[in-house]
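Engineer: Following this message is one structure expressed as structure tokens.
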Amino acid sequence: MITQNKSIVQITGILEKLFEEHFEKKAEIIEPLAVSGSDRRYYRLSNNNISAIATYNTNVAENNTYFYFTELFRRHQINVPEVYKVSKDRRAYLQQDLGKTSLFDLVINEGYTEPVRKLYHKALAQLAKVQWIAGREADYKQCFASRQFDEKAIMSDLLYFKYYFADLQGIPYDRSGLISEMELLSKDLGRVQPQALMYRDFQSRNIMVHEGKIFFIDFQGSMQGPPQYDIASLLWQARAQLPAAWKEDLLNGYISSLNDLHVPRMDEIYFRRGYVQFVLVRLLQVLGSYGFRGLLQHKAHFITSIAPALKNLNLFLSDHPQTPAYPELRSLLEKISAPDMQERYSTTSAGDKPKVSVQISSFSYKSGIPKASGPHGGGYVFDCRGILNPGRYAAYKHLTGNDEMVRQFLERETRMPDFMNYVYSLVSINIEDYIARGFEQLSVSFGCTGGQHRSVYAANQLAAYLKTRFNIEVTTTHCNEDKWVLQKENSEV
């Protein structure tokens with residue numbers, strides 16, 4: 001596995017030891033934190049009013065990059081979490097807990113308020129310090145993946161979009177012509193100046209709001225590159241959907257902040273022209289990521305982001321009729337971002353919601369397979385007993401498939417992701433057919449030994465996927481819930 005044969009129990013033991021060595025107190029609560037596209041594992045460890053975020057990552061080169069940039073940024077009074085302690089093998093580290101509120105949380109929950117807008121301005125002002133002040137002395141040899149966002153890196157992002165999103169949509173286009181145009185575009189943008197320290201994934205989920213201050217996290221992908229890319233990443237984040245007036249105001253604020261930092265005078269018109277170009281590159285890179293994580297890996301969170309990302313692209317093309325100035329690429333992007341494509345991935349439209357509903361259940365084979373509730377019977381029954389059982393381990397015996405620790409165990413230590421990918425594909429065949437033919441009901445059941453861990457997880461994951469992918473009614477029932485072993489070891493799992 002990615003942990004090089006270390007189980008979650010062993011990993012949490014390592015992190016607990018770091019906590020105790022640093023704070024001289026044992027961690028009383030260990031809370032696994034959700035991750036999306038990363039192989040890093042995060043936990044919140046606490047003891048009364050003491051709390052820290054513990055990370056385990058086998059990619060030591062990536063960790064070293066993170067430590068380097070943390071030290072560089074803190075030296076220039078840029079707000080990033082303090083690293084308290086690092087393990088001898090540099091795979092585990094303990095850092096400052098910044099709470100649970102990101103800038104993304106605020107804009108989604110509070111809306112486009114004046115306090116939120118001011119926080120965006122603060123974030124961009126700090127970004128300018130990252131790029132132009134810390135960037136002046138950055139040693140790009142410390143970058144773990146790529147040192148520079150150059151022509152090759154730009155072409156890689158464009159191909160990421162092509163292979164993992166465009167090619168999955170069934171839209172015809174001239175493949176040879178598109179590749180040629182992408183090569184020309186990447187060559188052109190690879191020469192854009194100025195170059196600075198580029199954050200690479202500067203979006204509101206990576207900006208924490210702690211005690212009224214802005215803090216940056218997940219900056220280990222930093223490299224040398226065009227500063228406009230980072231601005232585009234924040235202002236055009238798909239799920240945030242910032243108003244056009246905000247984007248212009250925030251871009252103006254960023255440019256003004258360069259004067260306060262005494263950044264050498266630059267050609268503002270040229271800078272803005274480059275910004276428009278890198279907005280396009282970022283929009284396509286994001287769609288490639290959503291296609292890979294969502295359409296191929298079936299992760300619901302990324303699927304829900306596709307519709308707003310397509311809306312973003314459509315808006316960009318409408319506002320910039322001359323960008324991109326390549327006919328085949330322009331034509332493909334117009335087709336991909338058209339209203340019918342946005343509707344395909346929309347989960348908010350209830351007017352034409354399909355009639356089909358899906359009843360999903362988890363069960364224990366000890367109690368038998370539940371009878372299908374629909375009028376025509378049938379449906380799918382999947383046996384999860386071929387997947388390693390978390391219930392065999394004391395750390396998980398009193399948890400269920402609803403718990404984050406069990407979810408991480410199944411996704412990282414077993415072949416459950418492969419199993420679920422087959423399930424998604426099989427069930428989707430029926431759903432698509434039922435929608436086309438007007439059928440109204442399908443049942444899906446997952447069974448395991450105790451009906452507490454594997455089957456519960458699988459039922460929850462399929463429910464989330466179907467709701468997101470098809471915008472249909474889904475109900476979930478855990479048949480063995482009243483027999484779950486939650487405290488006393490009074491039954492076999």
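Ligands are numbered from 1 in the order shown, chains are lettered A, B, ... in the order of the structure tokens, and residues start at 1 in each chain.
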Which residues are close to Thr414 of chain A, i.e. within 10 Å by only C-alpha atoms, leaving aside same-chain residues fewer than 5 positions away? Reply as number ranges by chain.
Structural biologist: A: 1, 386-390, 408-409, 419
Engineer: Since we have the selection now, will you write its residues out, keeping N, CA and C atoms, as a CSV table (one decimal), in the first residue's frame?
Structural biologist:
chain,number,residue,atom,x,y,z
A,1,MET,N,0.8,-1.2,0.0
A,1,MET,CA,0.0,0.0,0.0
A,1,MET,C,0.9,1.2,0.0
A,386,GLY,N,-15.0,-10.4,0.3
A,386,GLY,CA,-13.7,-10.5,-0.2
A,386,GLY,C,-12.8,-9.4,0.1
A,387,ILE,N,-13.3,-8.4,0.7
A,387,ILE,CA,-12.5,-7.2,1.1
A,387,ILE,C,-12.0,-7.4,2.6
A,388,LEU,N,-10.8,-7.0,2.9
A,388,LEU,CA,-10.2,-7.1,4.2
A,388,LEU,C,-11.2,-6.4,5.2
A,389,ASN,N,-11.5,-7.1,6.3
A,389,ASN,CA,-12.5,-6.6,7.3
A,389,ASN,C,-11.9,-5.8,8.3
A,390,PRO,N,-12.2,-4.5,8.4
A,390,PRO,CA,-11.7,-3.6,9.5
A,390,PRO,C,-12.1,-4.2,10.9
A,408,GLN,N,-11.1,5.6,5.7
A,408,GLN,CA,-9.7,5.7,5.3
A,408,GLN,C,-9.1,4.3,5.2
A,409,PHE,N,-9.4,3.5,6.2
A,409,PHE,CA,-8.8,2.1,6.2
A,409,PHE,C,-9.2,1.4,4.9
A,419,PHE,N,-13.1,-2.4,-6.0
A,419,PHE,CA,-14.4,-3.1,-5.9
A,419,PHE,C,-15.5,-2.1,-6.3
Engineer: Got a sec to tell me which of segment 227-445 of chain A DSSP assigns to alpha helix (DSSP H), as a count of residues only?
Structural biologist: 120
Engineer: Can you tell me, as a list in words, what residues are no more than 10 Å from Ile11 of chain A when counting only C-alpha atoms, ignoring any on the same chain fewer than 6 positions away?
Structural biologist: Thr3, Lys17, Arg41, Thr55, Tyr56, Asn57, Arg91 and Ala92 of chain A
Engineer: What does the file look like for those residues with N, CA and C atoms, as a compact mmCIF listing (two decimals), in the first residue's frame?
Structural biologist:
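The file below, again_5.txt, is the result:
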# COMPACT_ATOMS: atom_id res chain seq x y z
N THR A 3 1.37 3.34 2.21
CA THR A 3 2.04 3.58 3.47
C THR A 3 3.24 2.68 3.66
N LYS A 17 2.97 9.46 19.37
CA LYS A 17 4.27 9.59 20.02
C LYS A 17 4.84 10.99 19.78
N ARG A 41 -1.94 11.75 4.95
CA ARG A 41 -2.96 11.47 5.94
C ARG A 41 -2.89 12.52 7.04
N THR A 55 0.50 14.89 10.47
CA THR A 55 0.51 14.45 9.07
C THR A 55 1.45 13.28 8.90
N TYR A 56 1.03 12.31 8.09
CA TYR A 56 1.92 11.21 7.72
C TYR A 56 1.94 11.12 6.20
N ASN A 57 3.15 11.12 5.65
CA ASN A 57 3.32 11.08 4.19
C ASN A 57 4.62 10.37 3.88
N ARG A 91 8.84 11.32 7.76
CA ARG A 91 7.56 10.94 7.16
C ARG A 91 6.37 11.45 7.96
N ALA A 92 6.60 11.81 9.19
CA ALA A 92 5.52 12.29 10.06
C ALA A 92 5.91 13.63 10.65
Engineer: When you look at segment 309-326 of chain A with a cut-off of 9 Å (counting only C-alpha atoms), what residues show up, excluding the ones that are within fewer than 2 positions of it in the same chain? I need them as an NGL selection string.
Structural biologist: :A and (178 or 181-182 or 185 or 236-239 or 241 or 276-277 or 279-280 or 283-284 or 286-287 or 290 or 305-307 or 328-331 or 333-334 or 336-339 or 341-342)
Engineer: Kindly save the residues from that selection, with C-alpha atoms included, as a CSV table (one decimal), in the first residue's frame.
Structural biologist:
chain,number,residue,atom,x,y,z
A,178,LEU,CA,-6.0,20.2,-31.4
A,181,GLU,CA,-2.7,24.2,-31.3
A,182,MET,CA,-2.0,23.1,-27.7
A,185,LEU,CA,-0.3,27.8,-26.9
A,236,TRP,CA,-11.9,31.6,-11.0
A,237,GLN,CA,-12.4,28.7,-8.5
A,238,ALA,CA,-15.4,26.7,-9.8
A,239,ARG,CA,-17.4,26.2,-6.6
A,241,GLN,CA,-18.3,31.4,-8.4
A,276,VAL,CA,-6.4,36.1,-19.2
A,277,GLN,CA,-4.3,33.4,-20.8
A,279,VAL,CA,-7.2,31.8,-16.5
A,280,LEU,CA,-7.9,29.6,-19.5
A,283,LEU,CA,-9.9,26.3,-16.1
A,284,LEU,CA,-8.8,23.5,-18.3
A,286,VAL,CA,-9.2,22.0,-13.2
A,287,LEU,CA,-11.6,20.2,-15.6
A,290,TYR,CA,-12.4,16.8,-12.0
A,305,SER,CA,-17.7,20.5,-9.2
A,306,ILE,CA,-18.0,19.8,-13.0
A,307,ALA,CA,-21.1,21.8,-13.7
A,328,GLU,CA,-10.1,23.9,-33.1
A,329,LEU,CA,-9.5,24.5,-29.4
A,330,ARG,CA,-12.0,27.3,-29.4
A,331,SER,CA,-14.7,25.1,-31.1
A,333,LEU,CA,-14.3,24.4,-25.6
A,334,GLU,CA,-17.6,26.0,-26.8
A,336,ILE,CA,-17.9,21.3,-24.0
A,337,SER,CA,-19.2,24.3,-22.0
A,338,ALA,CA,-22.5,24.6,-23.8
A,339,PRO,CA,-25.7,24.7,-21.6
A,341,MET,CA,-23.2,19.9,-21.2
A,342,GLN,CA,-23.7,21.9,-18.0
Engineer: Name the residues in contact with Leu189 of chain A at a cut-off of 10 Å, using only C-alpha atoms, excluding same-chain residues fewer than 5 positions from it; report them as a PDB file with N, CA and C atoms, in the first residue's frame.
Structural biologist:
ATOM      1  N   PHE A 149       7.132  26.127 -13.908  1.00  0.00           N
ATOM      2  CA  PHE A 149       5.920  25.966 -14.707  1.00  0.00           C
ATOM      3  C   PHE A 149       6.233  26.491 -16.106  1.00  0.00           C
ATOM      4  N   ASP A 150       6.910  25.654 -16.877  1.00  0.00           N
ATOM      5  CA  ASP A 150       7.396  26.068 -18.182  1.00  0.00           C
ATOM      6  C   ASP A 150       6.514  25.484 -19.290  1.00  0.00           C
ATOM      7  N   GLU A 151       7.023  25.517 -20.511  1.00  0.00           N
ATOM      8  CA  GLU A 151       6.266  25.042 -21.672  1.00  0.00           C
ATOM      9  C   GLU A 151       5.812  23.594 -21.504  1.00  0.00           C
ATOM     10  N   ILE A 154       2.965  23.380 -18.900  1.00  0.00           N
ATOM     11  CA  ILE A 154       1.713  23.912 -19.446  1.00  0.00           C
ATOM     12  C   ILE A 154       1.092  22.915 -20.408  1.00  0.00           C
ATOM     13  N   MET A 155       1.918  22.316 -21.260  1.00  0.00           N
ATOM     14  CA  MET A 155       1.409  21.307 -22.198  1.00  0.00           C
ATOM     15  C   MET A 155       0.850  20.110 -21.428  1.00  0.00           C
ATOM     16  N   LEU A 184       1.335  25.033 -29.697  1.00  0.00           N
ATOM     17  CA  LEU A 184       1.590  26.450 -29.962  1.00  0.00           C
ATOM     18  C   LEU A 184       1.242  27.305 -28.753  1.00  0.00           C
ATOM     19  N   PRO A 226       4.604  31.870 -13.664  1.00  0.00           N
ATOM     20  CA  PRO A 226       3.913  33.150 -13.840  1.00  0.00           C
ATOM     21  C   PRO A 226       2.982  33.429 -12.654  1.00  0.00           C
ATOM     22  N   GLY A 274      -1.521  38.409 -19.913  1.00  0.00           N
ATOM     23  CA  GLY A 274      -1.060  37.093 -19.471  1.00  0.00           C
ATOM     24  C   GLY A 274      -2.023  36.462 -18.479  1.00  0.00           C
ATOM     25  N   GLN A 277      -4.802  34.668 -20.271  1.00  0.00           N
ATOM     26  CA  GLN A 277      -4.339  33.403 -20.844  1.00  0.00           C
ATOM     27  C   GLN A 277      -4.228  32.312 -19.786  1.00  0.00           C
ATOM     28  N   PHE A 278      -3.745  32.691 -18.601  1.00  0.00           N
ATOM     29  CA  PHE A 278      -3.570  31.677 -17.560  1.00  0.00           C
ATOM     30  C   PHE A 278      -4.878  31.337 -16.852  1.00  0.00           C
ATOM     31  N   VAL A 281      -5.844  28.396 -18.975  1.00  0.00           N
ATOM     32  CA  VAL A 281      -5.061  27.199 -18.651  1.00  0.00           C
ATOM     33  C   VAL A 281      -5.544  26.582 -17.344  1.00  0.00           C
TER      34      VAL A 281
END
Engineer: Considering only C-alpha atoms, can you say which of A:Ala436, A:Leu18, A:Leu486, A:Ala300 comes closest to Tyr345 of chain A?
Structural biologist: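 When distances to Tyr345 of chain A are compared using only C-alpha atoms, the smallest one comes from A:Ala300.
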Engineer: Can I get the residues of segment 228-310 of chain A within 8 Å of segment 449-468 of chain A, each with the closest pair of atoms and their distance in Å to one decimal, using only C-alpha atoms, sorted chain first then ascending number, as a tab-separated table?
Structural biologist:
residue	atom	partner	partner_atom	distance
A:His298	CA	A:Tyr465	CA	7.0
A:Lys299	CA	A:Tyr465	CA	7.2
A:Ala300	CA	A:Tyr465	CA	5.2
A:Ile303	CA	A:Thr468	CA	6.7
A:Thr304	CA	A:Thr468	CA	6.2
Engineer: Calculated over only C-alpha atoms, which of the candidates A:Leu242, A:Leu332, A:Leu124, A:Val192 has the smallest distance to Ala166 of chain A?
Structural biologist: A:Leu332
Engineer: Select, from A:Tyr270, A:Tyr199, A:Tyr365, A:Phe446, the residue with the minimum atom-to-atom distance to Gln148 of chain A, counting only C-alpha atoms.
Structural biologist: A:Tyr199
Engineer: Please run DSSP on the backbone and report, as a list in words, all residues within segment 117-298 of chain A that come out as strand (DSSP E or B).
Structural biologist: Gln148, Ala196, Leu197, Met198, Ile207, Met208, Val209, His210, Lys213, Ile214, Phe215, Phe216, Met223, Gln224 and Gly225 of chain A
Engineer: Write out as a ChimeraX atom specification each polymer residue whose atoms come within 6 Å of segment 102-118 of chain A, counting only C-alpha atoms; drop sequence neighbours fewer than 6 positions from it.
Structural biologist: /A:204-205,207-209
Engineer: What does the file look like for those residues with N, CA and C atoms, as a PDB file, in the first residue's frame?
Structural biologist:
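Dumped to out_21.pdb:
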ATOM      1  N   SER A 204      -9.319  28.741  -2.473  1.00  0.00           N
ATOM      2  CA  SER A 204      -9.819  29.130  -1.155  1.00  0.00           C
ATOM      3  C   SER A 204      -9.852  27.992  -0.150  1.00  0.00           C
ATOM      4  N   ARG A 205      -9.853  26.734  -0.592  1.00  0.00           N
ATOM      5  CA  ARG A 205      -9.784  25.616   0.364  1.00  0.00           C
ATOM      6  C   ARG A 205      -8.413  25.535   1.035  1.00  0.00           C
ATOM      7  N   ILE A 207      -6.768  28.157   2.024  1.00  0.00           N
ATOM      8  CA  ILE A 207      -6.601  29.401   2.770  1.00  0.00           C
ATOM      9  C   ILE A 207      -7.461  29.308   4.020  1.00  0.00           C
ATOM     10  N   MET A 208      -6.824  29.192   5.171  1.00  0.00           N
ATOM     11  CA  MET A 208      -7.543  29.075   6.435  1.00  0.00           C
ATOM     12  C   MET A 208      -7.732  30.454   7.065  1.00  0.00           C
ATOM     13  N   VAL A 209      -8.858  30.616   7.750  1.00  0.00           N
ATOM     14  CA  VAL A 209      -9.126  31.853   8.478  1.00  0.00           C
ATOM     15  C   VAL A 209      -9.093  31.518   9.962  1.00  0.00           C
TER      16      VAL A 209
END
Engineer: When distances are computed from only C-alpha atoms, which of A:Thr65, A:Asn47, A:Gln193, A:Asn421 shows the smallest separation from Gly294 of chain A?
Structural biologist: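 So, comparing all the options, the nearest one is A:Asn421.
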Engineer: Which residues come within 10 Å of segment 125-137 of chain A, counting only C-alpha atoms, excluding same-chain residues fewer than 3 positions away, as JSON, numbers by chain?
Structural biologist: {"A": [69, 72, 73, 74, 75, 76, 77, 78, 79, 119, 120, 121, 122, 140, 195, 196, 197, 198, 199, 202, 214, 215, 216, 222, 223, 224, 225, 226, 227, 230, 231, 250, 253, 254, 255, 256, 257, 258, 260, 261, 262, 263, 264]}
Engineer: Hey, can you check how far atom CA of Leu45 of chain A sits from atom CA of Gln10 of chain A?
Structural biologist: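 We find that atom CA of Leu45 of chain A and atom CA of Gln10 of chain A lie 15.1 Å from each other.
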Engineer: Please measure the separation of atom CA of Gly291 of chain A and atom CA of Tyr424 of chain A, giving the value in Å to one decimal.
Structural biologist: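 Answer for the atom CA of Gly291 of chain A to atom CA of Tyr424 of chain A separation: 15.2 Å.
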